[in-house]
Every structure is written in structure tokens, then in C-alpha cells.
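Report on the structure given below.
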Amino acid sequence: MKKRILIVDDDAFYRRLMVDVFNRYNFEIVTAIDGTDAMNFVAKHLFDLIILDYHLPRKNGDEIMREMAERCIDAPVIVITADDTIETERTIRSFGPTYLFVKPFEIKDLCKVVNKLFAPKVKIPS
């Protein structure tokens with residue numbers, strides 16, 4: 001059975017890059033461009049991984065992670081953000097995401113993390 005990944009990013013470049021890379025390795029990919037759409041997907045579907053941009057229109061990353069916790073949704077979360085301030089990192093880490101990446105990041109590093117999360121079931125060359 002394919003692993004299902006939700007990619008939430010309003011930046012078309014990063015969203016497309018992640019979709020292109022993970023589609024090559026037989027993942028089922030669902031995308032959202034804002035926080036409200038992301039929560040609608042999370043409420044209706046199970047995901048094996050959520051890759052979440054922190055600053056999003058309509059509902060930001062901390063609101064999404066708070067709602068997920070309230071609904072007992074325990075999918076691993078990788079947060080990506082262009083905001084590398086200490087305050088933002090503290091806020092993100094308070095929700096316990098699995099990993100945090102600051103943009104710009106190397107896609108190979110993201111692939112290594114996904115490998116760790118899904119090992120030994122999926123192997124993405126990095």
C-alpha cells in the first residue's frame with residue numbers, strides 16, 4: 001500500500017519540487033496551498049506524513065498543529081519555514097514536530113528524513 005503524504009505549502013516552487021520528487025517513489029501525494037484546506041484534508045483522510053509550511057494563508061502552522069493535537073491526529077509532521085527566528089523555532093518545537101527545515105533547504109536532506117521515518121519500507125536515493 002502506498003504511503004500517503006500531505007504537502008502543505010503556498011510557495012508553488014517548493015510544493016512542486018516536493019511533489020515531483022516524492023511522486024517518483026510511489027507515494028500518494030495530496031497537496032494544499034493554505035491551512036484551511038490542509039485541515040479539511042486531515043479531518044477526512046489518514047496521512048503517513050505531513051510536510052507543513054509554517055506561514056500559510058487562512059490558518060498557519062501552529063493553528064494546524066494545535067488542531068491536530070486536539071483531534072488526536074498523530075501523523076509525523078515535518079515543518080518547513082523561511083522564518084528562522086528563535087521565537088518561531090520555539091513555537092514550532094512546542095508542538096513537537098518530527099523535524100524542522102528552514103528555507104532554502106536541500107531536497108536531499110528532506111529525502112533523508114523521509115527515509116528515516118519510513119525505513120525500511122521505502123528507500124529514496126539521496
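Going through the C-alpha cells in order, the chains are called A, B, and so on, while each chain numbers its residues from 1 and the ligands are numbered from 1 in the order shown.
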- Task: With a distance cut-off of 8 Å and only C-alpha atoms, select the neighbouring residues of Val79 in chain A, excluding the residue or stretch itself and same-chain residues fewer than 2 positions from it, and output the selection as a PyMOL selection string.
- Result: chain A and resi 51-54+61+77+81+92+97-101
Just N, CA and C atoms for this one: save the residues we selected as an mmCIF file, in the first residue's frame.
data_model
loop_
_atom_site.group_PDB
_atom_site.id
_atom_site.type_symbol
_atom_site.label_atom_id
_atom_site.label_comp_id
_atom_site.auth_asym_id
_atom_site.auth_seq_id
_atom_site.Cartn_x
_atom_site.Cartn_y
_atom_site.Cartn_z
ATOM 1 N N ILE A 51 3.974 17.282 5.521
ATOM 2 C CA ILE A 51 5.033 18.270 5.348
ATOM 3 C C ILE A 51 4.333 19.615 5.315
ATOM 4 N N LEU A 52 4.607 20.442 6.314
ATOM 5 C CA LEU A 52 3.795 21.619 6.592
ATOM 6 C C LEU A 52 4.626 22.897 6.587
ATOM 7 N N ASP A 53 4.309 23.804 5.675
ATOM 8 C CA ASP A 53 4.900 25.140 5.728
ATOM 9 C C ASP A 53 4.302 25.831 6.952
ATOM 10 N N TYR A 54 5.108 26.618 7.637
ATOM 11 C CA TYR A 54 4.633 27.235 8.871
ATOM 12 C C TYR A 54 3.763 28.459 8.622
ATOM 13 N N GLY A 61 0.738 27.370 10.578
ATOM 14 C CA GLY A 61 1.214 26.075 11.041
ATOM 15 C C GLY A 61 0.919 25.771 12.490
ATOM 16 N N VAL A 77 5.044 15.080 11.518
ATOM 17 C CA VAL A 77 4.995 16.382 10.846
ATOM 18 C C VAL A 77 6.411 16.883 10.640
ATOM 19 N N THR A 81 9.935 26.297 6.946
ATOM 20 C CA THR A 81 9.646 27.718 7.112
ATOM 21 C C THR A 81 10.806 28.550 6.605
ATOM 22 N N ILE A 92 7.291 26.428 17.093
ATOM 23 C CA ILE A 92 7.174 25.187 16.308
ATOM 24 C C ILE A 92 7.551 23.990 17.171
ATOM 25 N N PRO A 97 6.990 18.834 16.361
ATOM 26 C CA PRO A 97 7.066 18.245 15.018
ATOM 27 C C PRO A 97 8.250 17.292 14.950
ATOM 28 N N THR A 98 8.187 16.368 14.031
ATOM 29 C CA THR A 98 9.246 15.390 13.897
ATOM 30 C C THR A 98 10.552 16.062 13.479
ATOM 31 N N TYR A 99 10.489 16.972 12.521
ATOM 32 C CA TYR A 99 11.673 17.668 12.019
ATOM 33 C C TYR A 99 11.302 19.087 11.616
ATOM 34 N N LEU A 100 12.328 19.953 11.553
ATOM 35 C CA LEU A 100 12.152 21.339 11.135
ATOM 36 C C LEU A 100 13.212 21.676 10.094
ATOM 37 N N PHE A 101 12.781 22.237 8.962
ATOM 38 C CA PHE A 101 13.686 22.694 7.911
ATOM 39 C C PHE A 101 13.458 24.174 7.670
#
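Nearest-residue note for Cys111 in chain A: choosing from A:Arg24, A:Lys2, A:Lys44, A:Arg58, the minimum distance belongs to A:Arg24, counting only C-alpha atoms.
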Give me, as a PDB file with C-alpha atoms, in the first residue's frame, the residues of chain A that a backbone DSSP run labels strand (DSSP E or B).
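Result file out.pdb:
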ATOM      1  CA  ARG A   4       0.201   8.971   1.785  1.00  0.00           C
ATOM      2  CA  ILE A   5       1.915  12.345   2.208  1.00  0.00           C
ATOM      3  CA  LEU A   6       0.158  15.676   2.628  1.00  0.00           C
ATOM      4  CA  ILE A   7       2.299  18.552   1.347  1.00  0.00           C
ATOM      5  CA  VAL A   8       1.086  21.943   2.559  1.00  0.00           C
ATOM      6  CA  GLU A  28       0.366   9.035  -2.835  1.00  0.00           C
ATOM      7  CA  ILE A  29       0.643  12.814  -2.701  1.00  0.00           C
ATOM      8  CA  VAL A  30      -2.062  15.248  -1.630  1.00  0.00           C
ATOM      9  CA  THR A  31      -1.366  18.989  -1.718  1.00  0.00           C
ATOM     10  CA  ALA A  32      -2.873  22.019  -0.064  1.00  0.00           C
ATOM     11  CA  LEU A  49       3.373  12.086   6.874  1.00  0.00           C
ATOM     12  CA  ILE A  50       2.528  15.782   6.755  1.00  0.00           C
ATOM     13  CA  ILE A  51       5.033  18.270   5.348  1.00  0.00           C
ATOM     14  CA  LEU A  52       3.795  21.619   6.592  1.00  0.00           C
ATOM     15  CA  ASP A  53       4.900  25.140   5.728  1.00  0.00           C
ATOM     16  CA  VAL A  77       4.995  16.382  10.846  1.00  0.00           C
ATOM     17  CA  ILE A  78       7.931  17.978   9.092  1.00  0.00           C
ATOM     18  CA  VAL A  79       7.693  21.762   9.351  1.00  0.00           C
ATOM     19  CA  ILE A  80       9.326  23.966   6.739  1.00  0.00           C
ATOM     20  CA  THR A  81       9.646  27.718   7.112  1.00  0.00           C
ATOM     21  CA  TYR A  99      11.673  17.668  12.019  1.00  0.00           C
ATOM     22  CA  LEU A 100      12.152  21.339  11.135  1.00  0.00           C
ATOM     23  CA  PHE A 101      13.686  22.694   7.911  1.00  0.00           C
ATOM     24  CA  VAL A 102      14.468  26.334   7.201  1.00  0.00           C
TER      25      VAL A 102
END
- Task: Would you mind writing down, as number ranges by chain, each residue of chain A that DSSP on the backbone assigns to helix (DSSP H, G or I)?
- Result: A: 12-23, 35-44, 61-70, 86-94, 107-118
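If you look at CA of Pro57 in chain A and CA of Pro76 in chain A, they are 21.8 Å away from each other.
Comparing the minimum interatomic distances between Asp83 in chain A and each of A:Ala119, A:Leu46, A:Leu56, A:Val113, counting only C-alpha atoms, we find that A:Leu56 sits nearest.
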- Which distance in Å separates CA of Phe47 in chain A and CA of Phe27 in chain A, to one decimal? 11.0 Å
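Here CA of Gly35 in chain A and CA of Ile64 in chain A stand 6.7 Å from one another.
The smallest atom-to-atom distance between Val21 in chain A and any of A:Leu117, A:Ile107, A:Ala82, A:Val42, using only C-alpha atoms, is found for A:Ile107.
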